[in-house]
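Below is one structure, written out as structure tokens; the observations come after it.
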Amino acid sequence: MRLAALEEFWRGCLGAARRQPVTPAASFALGLRAVMPLLLGVAPFGVIYGVVALQSGIPPLAAMAMSSIVFAGSAQFLLAQLVGAGAPLLLTAGAVGLVNLRHALYSASVAPMLANLPRRWKILLAYLLTDEAYAAAIPHLMAVKPNSSQAAQAHWILFGSGFGLWAGWQLATLAGVLVGTQLPSNLGLDFALPLTFIAIVVPMINSRALFAAAVTAGAVAVSLAAMPYKVGLFLAALAGLVVGAALTRKAK
Amino acid sequence: MNLWWLMLACGAITFGIRYSFIAAEGHYQPPPWFRRLLPFVPIAALTAIVAPELLLVQGEIILGGGNHRLWAGLVAILVAAIWRNTLLTIGCGFVALFVLQRI
């Protein structure tokens with residue numbers, strides 16, 4: 001039994017699983033595989049975060065713990081910088097909330113798919129719900145037909161992506177804390193993030209409404225990029241949602 | 001000590017945001033328009049992250065040949081649209097960036 005799960009996991013990692021995995025192990029492997037390219041871009045960020053945190057006067061243990069407690073890339077950068085600058089605590093906490101506001105959209109997006117899970121699963125998957133894990137898992141989650149046998153295992157896909165990113169982030173942070181300053185930080189590897197998002201988003205655009213949502217979100221994000229704490233990002237995503245939904249309604 | 005409380009608070013806030021709709025699911029009846037927004041979340045949110053990365057260089061919109069990431073990104077968009085293959089898209093994007101930086 002256990003050996004079979006291991007084999008399915010392995011086949012999933014190699015991409016040899018059939019189109020829609022129906023076992024937990026294969027679903028987990030699919031999610032893990034999907035997040036791998038993003039790790040390439042996330043790892044340098046994690047290393048730099050470790051360095052920035054130490055430079056801000058945060059002790060190594062606390063810098064590491066933050067990667068588990070907060071577990072949010074850009075928010076951790078901000079937190080480290082604000083702590084280093086001696087910013088008021090309330091402002092710091094508020095800023096972290098604003099930076100992470102877009103995660104509420106991911107929460108709303110996956111909520112219907114996780115509706116029937118026990119609470120411990122919901123808590124675990126919410127904790128792991130980052131940009132990267134969501135991006136990696138969502139095309140696969142959307143391909144799962146509701147109420148099918150696959151749907152009962154679909155949360156394992158999100159868990160695979162979430163866990164992969166979590167583990168990579170912890171290792172990268174550790175590397176930054178331990179040896180960060182000696183590493184060349186500007187290899188351009190961070191370009192893997194936009195590239196992977198492009199690889200995820202572009203094939204999903206198959207209607208005028210989706211195309212309009214993408215163009216709107218992109219244009220608003222660029223025009224509002226100067227807003228502090230990534231508020232422009234959140235507003236841009238909202239604008240994309242509204243335009244997309246409005247166009248769907250007209251078409252019907 | 002303050003630092004640890006601050007980290008715990010920020011962790012709680014972050015988790016609260018991510019858990020919000022997942023926890024509320026089944027306990028509230030969202031208006032119909034709300035459900036219509038959801039299919040657009042992946043596209044809208046991820047494009048909002050990507051567009052500034054490609055178009056902006058230190059806060060300025062740069063469309064010329066000097067903005068290597070923009071052109072490499074456009075190559076990736078084209079490859080993704082034609083072949084719909086993740087690794088191929090990433091590979092071509094990196095190759096394009098590498099080539100552009102060396103021209």
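In the structure tokens, chains take letters A, B, ... by order of appearance, with residues numbered from 1 within each chain and ligands from 1 in the order shown.
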**OP:** DSSP on the backbone, then: every residue of stretch 33-91 of chain B marked strand (DSSP E), written as a list in words.
**Re:**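 Here are the strand (DSSP E) residues of stretch 33-91 of chain B: Leu56, Val57, Glu60 and Ile61 of chain B.
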Residues of chain B within 6 Å of chain A, counting only C-alpha atoms, what are they? List them as a compact mmCIF listing (two decimals) with C-alpha atoms, in the first residue's frame.
```txt
# COMPACT_ATOMS: atom_id res chain seq x y z
CA CYS B 10 2.17 39.89 11.51
CA GLY B 11 1.91 36.12 11.20
CA PHE B 15 -2.82 33.93 8.20
CA ILE B 17 -6.15 37.18 5.39
CA ARG B 18 -5.38 33.82 3.78
CA TYR B 19 -7.88 31.95 5.95
CA PHE B 21 -12.76 33.21 2.74
CA ILE B 22 -11.70 29.60 3.25
CA ARG B 36 -18.82 35.61 -11.10
CA LEU B 37 -15.66 37.45 -10.06
CA LEU B 38 -13.83 34.32 -8.91
CA PHE B 40 -10.90 35.91 -13.01
CA ILE B 43 -5.53 35.89 -14.43
CA ALA B 44 -6.10 39.29 -12.81
CA ALA B 45 -3.90 38.75 -9.75
CA THR B 47 -1.01 39.63 -14.47
CA ALA B 48 -0.99 42.45 -11.92
CA VAL B 50 3.87 40.36 -13.90
CA ALA B 51 3.07 43.58 -15.80
CA PRO B 52 5.10 45.97 -13.60
CA ALA B 80 3.32 30.26 -23.97
CA ALA B 81 0.50 31.18 -26.35
CA ARG B 84 1.38 26.06 -23.79
CA THR B 86 5.67 25.74 -18.84
CA THR B 89 8.22 29.14 -21.84
CA ILE B 90 10.64 29.65 -18.95
```
**OP:** Would you mind writing down, as a PyMOL selection string, each residue of stretch 109-248 of chain A that DSSP on the backbone assigns to alpha helix (DSSP H)?
**Re:** chain A and resi 109-110+119-127+131-143+155-179+192-201+208-223+231-248
Original post:
Which residues come within 12 Å of A:Ala167, counting only C-alpha atoms, excluding same-chain residues fewer than 3 positions away, as a list in words?
Top reply: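 Final neighbour list, sorted by chain and number: Leu32, Val35, Met36, Leu39, Val42, Ala43, Gly46, Ser67, Ser68, Phe71, Leu128, Ala133, Phe159, Gly160, Ser161, Gly162, Phe163, Gly164, Gln170, Leu171, Ala172, Thr173 and Leu174 of chain A.
Minimum atom-to-atom distance to B:Phe94, evaluated using only C-alpha atoms, belongs to A:Gly41 out of A:Gly41, A:Gly31, A:Pro60, A:Pro24.
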Original post:
Can you tell me how far atom CA of B:Phe34 sits from atom CA of B:Gly16, in Å to one decimal?
Top reply: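 Atom CA of B:Gly16 lies 20.1 Å from atom CA of B:Phe34.
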Residues within 8 Å of A:Gly180, please, as a PDB file with N, CA and C atoms, in the first residue's frame. Count only C-alpha atoms; anything in the same chain fewer than 6 positions from it doesn't count.
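Everything below was put into out18.pdb:
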```
ATOM      1  N   VAL A  47      17.331  34.139   0.057  1.00  0.00           N
ATOM      2  CA  VAL A  47      18.707  34.411   0.482  1.00  0.00           C
ATOM      3  C   VAL A  47      18.867  35.898   0.809  1.00  0.00           C
ATOM      4  N   ILE A  48      18.351  36.752  -0.094  1.00  0.00           N
ATOM      5  CA  ILE A  48      18.483  38.198   0.127  1.00  0.00           C
ATOM      6  C   ILE A  48      17.710  38.607   1.379  1.00  0.00           C
ATOM      7  N   GLY A  50      17.273  36.861   4.038  1.00  0.00           N
ATOM      8  CA  GLY A  50      18.091  36.507   5.197  1.00  0.00           C
ATOM      9  C   GLY A  50      19.158  37.557   5.463  1.00  0.00           C
ATOM     10  N   VAL A  51      19.787  38.027   4.390  1.00  0.00           N
ATOM     11  CA  VAL A  51      20.831  39.047   4.531  1.00  0.00           C
ATOM     12  C   VAL A  51      20.239  40.359   5.049  1.00  0.00           C
TER      13      VAL A  51
END
```
Original post:
At what distance in Å, to one decimal, does atom CA of A:Gly176 lie from atom CA of A:Tyr49?
Top reply: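 So the two atoms, atom CA of A:Tyr49 and atom CA of A:Gly176, lie 6.8 Å apart.
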Write out as an mmCIF file with C-alpha atoms, in the first residue's frame each polymer residue whose atoms come within 9 Å of A:Ala151, counting only C-alpha atoms; drop sequence neighbours fewer than 4 positions from it.
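The result, stored in result-v5.cif:
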```cif
data_model
loop_
_atom_site.group_PDB
_atom_site.id
_atom_site.type_symbol
_atom_site.label_atom_id
_atom_site.label_comp_id
_atom_site.auth_asym_id
_atom_site.auth_seq_id
_atom_site.Cartn_x
_atom_site.Cartn_y
_atom_site.Cartn_z
ATOM 1 C CA VAL A 22 -6.691 10.514 -8.445
ATOM 2 C CA MET A 113 -12.840 23.855 -3.764
ATOM 3 C CA LEU A 141 -7.349 22.777 -9.444
ATOM 4 C CA VAL A 144 -10.663 19.109 -11.649
ATOM 5 C CA LYS A 145 -14.350 18.440 -12.205
ATOM 6 C CA PRO A 146 -16.475 19.162 -9.116
ATOM 7 C CA ASN A 147 -17.891 16.082 -7.360
ATOM 8 C CA HIS A 155 -6.456 19.624 -2.045
#
```
Subject >> Counting only C-alpha atoms, the option among A:Leu117, A:Ala26, A:Ala80, A:Val231 closest to A:Met64 >> reply: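 So, comparing all the options, the nearest one is A:Ala80.
Here atom CA of A:Tyr229 and atom CA of A:Gln81 stand 12.5 Å from one another.
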